[in-house]
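**Q** Take this structure first; my questions come after.
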Amino acid sequence: MHVAKAYPTNYVQEDGILANTADWIRKFGTVPFFVAGPTAWSKAGPQISQSLHENGLGFHLELFAGHCSDQELERLLPKVPPSVDIIVGVGGGQCMDTAKLLANRLKLPVLNVSTLASTCAASAAQSIIYTPEHVFVRTEQFDAAPVAVLVEPAVIRDAPVRYLTAGIADTFVKWYEAMPLNAGKAMNAKTKAGLKMAELIRDLLFEYSDQAIVDCEKGETSEALRQVIDANILLSGLVGGLGRHTCASSGAHSIHYGMTVIPEMHHALHGELVGYGLLCQFKLEGKSDSEIVDFMKFYQKINLPISLFDLGMTDIREDVLHQAAHHACAPGRSIHNLPFPVSEENVYQAILDTHRLGESVKHA
Ligand SMILES: [Zn+2]
C-alpha cells in the first residue's frame, strides 16, 4: 500500500511571523504546551511570549533537554497538564521531533516554530529517536502531520551557518538516495512526483547554496536564503511524503545512523553525517574517484566535512569503524533499499576509502 502524505498542513516563511504565533496556535488549540530548545527560546521566545501575552493566551513551557529520546519523552509526559490541547515545538530538529513524539502519544495537534534550517524535521510526520548518548535507536512514523510550521527567516539567518549547511546536505542527498531505488522500474504517479521534487531541490540547492551561505554570513535575508530555507524545511519532507518507500532514504542515512555509535562524532550534525554518508554510498555504488572528488569540491565550497577527521575523529580505529558499519547494516536499515547486496565489510571499506580520498583532496 502506498499512502502518500503531503505535509505539513500549513507552512509560513515570513518576516515577522513570530508576532502572529498566537493567531496560528488559536486556529488549532487554546492551551499550548511549549517544548523549546534553550538557545531557540532565547532567540524566538521574547517575540512568541509577547504575541501570546498580547492575545491573552496562557501557556506552559518546558525547556528541551537536548536529545529526542524515549527518556526525554518520559520526562515530558507527566509535565503536560490535562487542559493542554496543542503541543508547540520551538527549536531545531531533535526538539521538534520530541514535540511531535509527545503530541502523537497524547493524540494532540503539533505546531512547530523552526529556528534552524538544518533538517526537514519541522514538517515531516516522523521522529528520529536516539539514546541520551545520541546513538540512533529508531524512526517512528505518525499518521498526523504538524498542523503548521512557522519560520522567521531572520532567526535562521542569525543562527550559526553550520546548521544551514548541514540542512543543505540533508536535503540534496534525497535525490541520490531515492533515485537508485527506482532505476529501471515502473513508477506510479506518487513516486514520480516524489522524485521530481527530489530533483528540483537538488538543482535549487546547487544553484542557491553558495549565495545563501554568503548572505547568511553577511546577515542578509536574501532571495537565495529564502529558497534554501524552503527547500530544507518544506520541500525536503515532501520527497518521502509523496514517494514513501519508493523515495525513501537509503545508503547515506543508514551510514549516518551507523556513525552515531562513534563517541567522537556526537557533536557532528545530522546533515554533516548524512553528507559524508552519501560520499560513502557513492563508493558502494562504484562511482569513480573523480566523480566523488567533484562532489567533495562542492562540499568544501560550503564547508561540509569530507573526512572522518572533519567529523571529529582524531585517530582512525578499525574496531570503531567496524561497529559503525555493523550498526549501519542492521536488519531493516534503509541501506538494504539499495538495489544491490550490501555487507558490513563493504560499508567499513567505503567509510575508510572515503576518508582517505577526502584527506588526499584536502592535502592536494
Ligand atoms: Zn535526514
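Starting from 1 in every chain, residues are counted up; chains themselves are A, B, ... following the order of the C-alpha cells, and ligands are numbered from 1 as listed.
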So that each row is one residue of chain A with an atom at most 8 Å from ligand 1, can you give its shortest atom pair and the distance in Å to one decimal, using only C-alpha atoms and all ligand atoms, rows by chain and rising number, as a Markdown table?
**A**
```
| residue | atom | partner | partner_atom_place_in_ligand_line | distance |
| --- | --- | --- | --- | --- |
| A:Thr119 | CA | ligand 1 | 1 (Zn) | 6.1 |
| A:Cys120 | CA | ligand 1 | 1 (Zn) | 7.2 |
| A:Asp170 | CA | ligand 1 | 1 (Zn) | 5.0 |
| A:Thr171 | CA | ligand 1 | 1 (Zn) | 7.3 |
| A:His253 | CA | ligand 1 | 1 (Zn) | 6.4 |
| A:His270 | CA | ligand 1 | 1 (Zn) | 6.5 |
| A:Gly271 | CA | ligand 1 | 1 (Zn) | 6.3 |
| A:Val274 | CA | ligand 1 | 1 (Zn) | 6.7 |
```
**Q** Name all residues at most 8 Å from A:Ser334 (count only C-alpha atoms; drop same-chain ones fewer than 6 positions away) and give them as a PyMOL selection string.
**A** chain A and resi 248-251+253-254
**Q** Per residue of stretch 143-200 of chain A within 12 Å of stretch 20-24 of chain A, what are the shortest atom pair and its distance in Å to one decimal, counting only C-alpha atoms, with rows by chain and residue number, as a Markdown table?
**A**
```
| residue | atom | partner | partner_atom | distance |
| --- | --- | --- | --- | --- |
| A:Val147 | CA | A:Trp24 | CA | 9.5 |
| A:Ala148 | CA | A:Trp24 | CA | 7.7 |
| A:Val149 | CA | A:Trp24 | CA | 9.5 |
| A:Leu150 | CA | A:Thr21 | CA | 8.0 |
| A:Val151 | CA | A:Thr21 | CA | 10.4 |
| A:Glu152 | CA | A:Thr21 | CA | 10.7 |
```
**Q** Give me the stretch 202-283 of chain A side of the contact with stretch 132-135 of chain A, cut-off 12 Å, one line per residue showing its nearest atom pair and distance in Å at one decimal, counting only C-alpha atoms, sorted by chain and residue number, as a Markdown table.
**A**
```
| residue | atom | partner | partner_atom | distance |
| --- | --- | --- | --- | --- |
| A:His256 | CA | A:Val135 | CA | 10.3 |
| A:Tyr257 | CA | A:Val135 | CA | 7.6 |
| A:Gly258 | CA | A:Val135 | CA | 8.5 |
| A:Met259 | CA | A:Val135 | CA | 8.5 |
| A:Thr260 | CA | A:Val135 | CA | 5.0 |
| A:Val261 | CA | A:Val135 | CA | 5.4 |
| A:Ile262 | CA | A:Val135 | CA | 8.4 |
| A:Pro263 | CA | A:Glu133 | CA | 8.4 |
| A:Glu264 | CA | A:His134 | CA | 11.2 |
| A:Met265 | CA | A:His134 | CA | 9.6 |
| A:His266 | CA | A:His134 | CA | 6.6 |
| A:His267 | CA | A:His134 | CA | 9.3 |
| A:Ala268 | CA | A:His134 | CA | 10.5 |
| A:Leu269 | CA | A:His134 | CA | 10.8 |
| A:His270 | CA | A:His134 | CA | 10.6 |
```
**Q** Check the smallest atom-to-atom distance from each of A:Leu181, A:Ala224, A:Ala125, A:Ile229 to A:His245 using only C-alpha atoms, then report the winner.
**A**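 That would be A:Leu181, the residue with the smallest distance to A:His245.
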**Q** Could you please determine the separation between atom CA of A:Asn182 and atom CA of A:Cys247 in Å, to one decimal place?
**A** 8.1 Å
**Q** Please run DSSP on the backbone and report, as a list in words, all residues within stretch 145-177 of chain A that come out as strand (DSSP E).
**A**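 Of stretch 145-177 of chain A, the ones in strand (DSSP E) are Ala148, Val149, Leu150 and Val151 of chain A.
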**Q** Create the file for the chosen residues now, containing N, CA and C atoms and written as a short mmCIF file (atom, residue, chain, number, x, y, z; two decimals), in the first residue's frame.
**A**
```
data_model
loop_
_atom_site.label_atom_id
_atom_site.label_comp_id
_atom_site.auth_asym_id
_atom_site.auth_seq_id
_atom_site.Cartn_x
_atom_site.Cartn_y
_atom_site.Cartn_z
N ALA A 148 0.96 23.15 11.54
CA ALA A 148 1.57 24.36 10.95
C ALA A 148 3.04 24.41 11.30
N VAL A 149 3.82 24.96 10.37
CA VAL A 149 5.24 25.23 10.60
C VAL A 149 5.46 26.72 10.34
N LEU A 150 6.00 27.41 11.35
CA LEU A 150 6.27 28.84 11.22
C LEU A 150 7.78 29.04 11.16
N VAL A 151 8.22 29.84 10.20
CA VAL A 151 9.66 30.08 10.02
C VAL A 151 9.92 31.58 9.91
#
```
**Q** A:Asp203: which residues within 12 Å, counting only C-alpha atoms, same-chain residues fewer than 6 positions away excluded, as a PDB file with C-alpha atoms, in the first residue's frame?
**A**
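Output (selection.pdb):
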```
ATOM      1  CA  ILE A 168      21.609  21.643   2.617  1.00  0.00           C
ATOM      2  CA  THR A 171      18.241  17.871   1.580  1.00  0.00           C
ATOM      3  CA  PHE A 172      20.263  17.335  -1.593  1.00  0.00           C
ATOM      4  CA  VAL A 173      21.002  13.708  -0.599  1.00  0.00           C
ATOM      5  CA  LYS A 174      17.308  12.923  -1.140  1.00  0.00           C
ATOM      6  CA  TRP A 175      17.772  12.622  -4.898  1.00  0.00           C
ATOM      7  CA  LYS A 196      10.644  15.231  -9.345  1.00  0.00           C
ATOM      8  CA  MET A 197      10.631  17.031  -6.013  1.00  0.00           C
ATOM      9  CA  SER A 209      23.566  27.276  -1.637  1.00  0.00           C
ATOM     10  CA  GLN A 227      14.821  29.484  -1.393  1.00  0.00           C
ATOM     11  CA  VAL A 228      17.252  27.322   0.595  1.00  0.00           C
ATOM     12  CA  ALA A 231      13.995  23.574   0.237  1.00  0.00           C
TER      13      ALA A 231
END
```
**Q** Compile the contact shell of A:Lys5 as JSON, numbers by chain: residues with an atom at most 12 Å away, counting only C-alpha atoms, same-chain residues fewer than 5 positions apart removed.
**A** {"A": [123, 124, 125, 126, 141, 142, 143, 144, 145, 146, 190, 191, 193, 194, 237, 238, 239, 240, 241, 242, 243, 244, 245]}
**Q** Let's have the selection written as a short mmCIF file (atom, residue, chain, number, x, y, z; two decimals), in the first residue's frame, with C-alpha atoms.
**A**
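Final file, part-v8.cif:
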```
data_model
loop_
_atom_site.label_atom_id
_atom_site.label_comp_id
_atom_site.auth_asym_id
_atom_site.auth_seq_id
_atom_site.Cartn_x
_atom_site.Cartn_y
_atom_site.Cartn_z
CA SER A 123 7.41 19.34 8.57
CA ALA A 124 7.81 15.57 8.41
CA ALA A 125 5.29 13.24 10.07
CA GLN A 126 8.00 11.23 11.76
CA GLN A 141 6.13 7.34 11.63
CA PHE A 142 2.96 9.22 12.55
CA ASP A 143 -0.47 9.36 10.93
CA ALA A 144 -0.80 13.09 11.70
CA ALA A 145 1.49 15.78 10.27
CA PRO A 146 2.27 19.06 12.05
CA LYS A 190 3.28 9.46 -6.45
CA THR A 191 6.77 8.06 -6.91
CA ALA A 193 6.14 13.29 -8.01
CA GLY A 194 8.50 12.45 -5.12
CA GLY A 237 9.97 16.37 3.59
CA LEU A 238 7.67 16.11 0.57
CA VAL A 239 10.04 13.74 -1.24
CA GLY A 240 9.45 10.90 1.20
CA GLY A 241 5.94 12.12 1.91
CA LEU A 242 4.82 11.69 -1.68
CA GLY A 243 7.03 8.82 -2.70
CA ARG A 244 7.06 6.97 0.65
CA HIS A 245 9.05 3.73 0.41
#
```
**Q** Neighbours of stretch 57-59 of chain A within 10 Å (only C-alpha atoms; same-chain residues fewer than 6 positions away dropped), as a compact mmCIF listing (two decimals) with C-alpha atoms, in the first residue's frame?
**A**
```txt
# COMPACT_ATOMS: atom_id res chain seq x y z
CA ALA A 22 -0.85 33.29 18.98
CA ASP A 23 -3.12 33.58 15.91
CA ILE A 25 -2.00 28.48 17.76
CA ARG A 26 -5.61 29.64 18.16
CA THR A 30 -6.43 27.10 23.26
CA VAL A 31 -3.92 25.81 25.84
CA PRO A 32 -0.45 25.32 24.34
CA PHE A 33 2.41 23.36 25.87
CA PHE A 34 5.77 24.52 24.51
CA SER A 49 5.72 35.35 24.53
CA GLN A 50 4.75 38.87 23.51
CA SER A 51 2.36 37.55 20.88
CA VAL A 84 -3.34 21.25 27.23
CA VAL A 88 4.30 23.60 20.18
```
**Q** Kindly give the distance, in Å, that separates atom CA of A:Glu140 and atom CA of A:Leu101, rounded to a single decimal.
**A** 8.3 Å
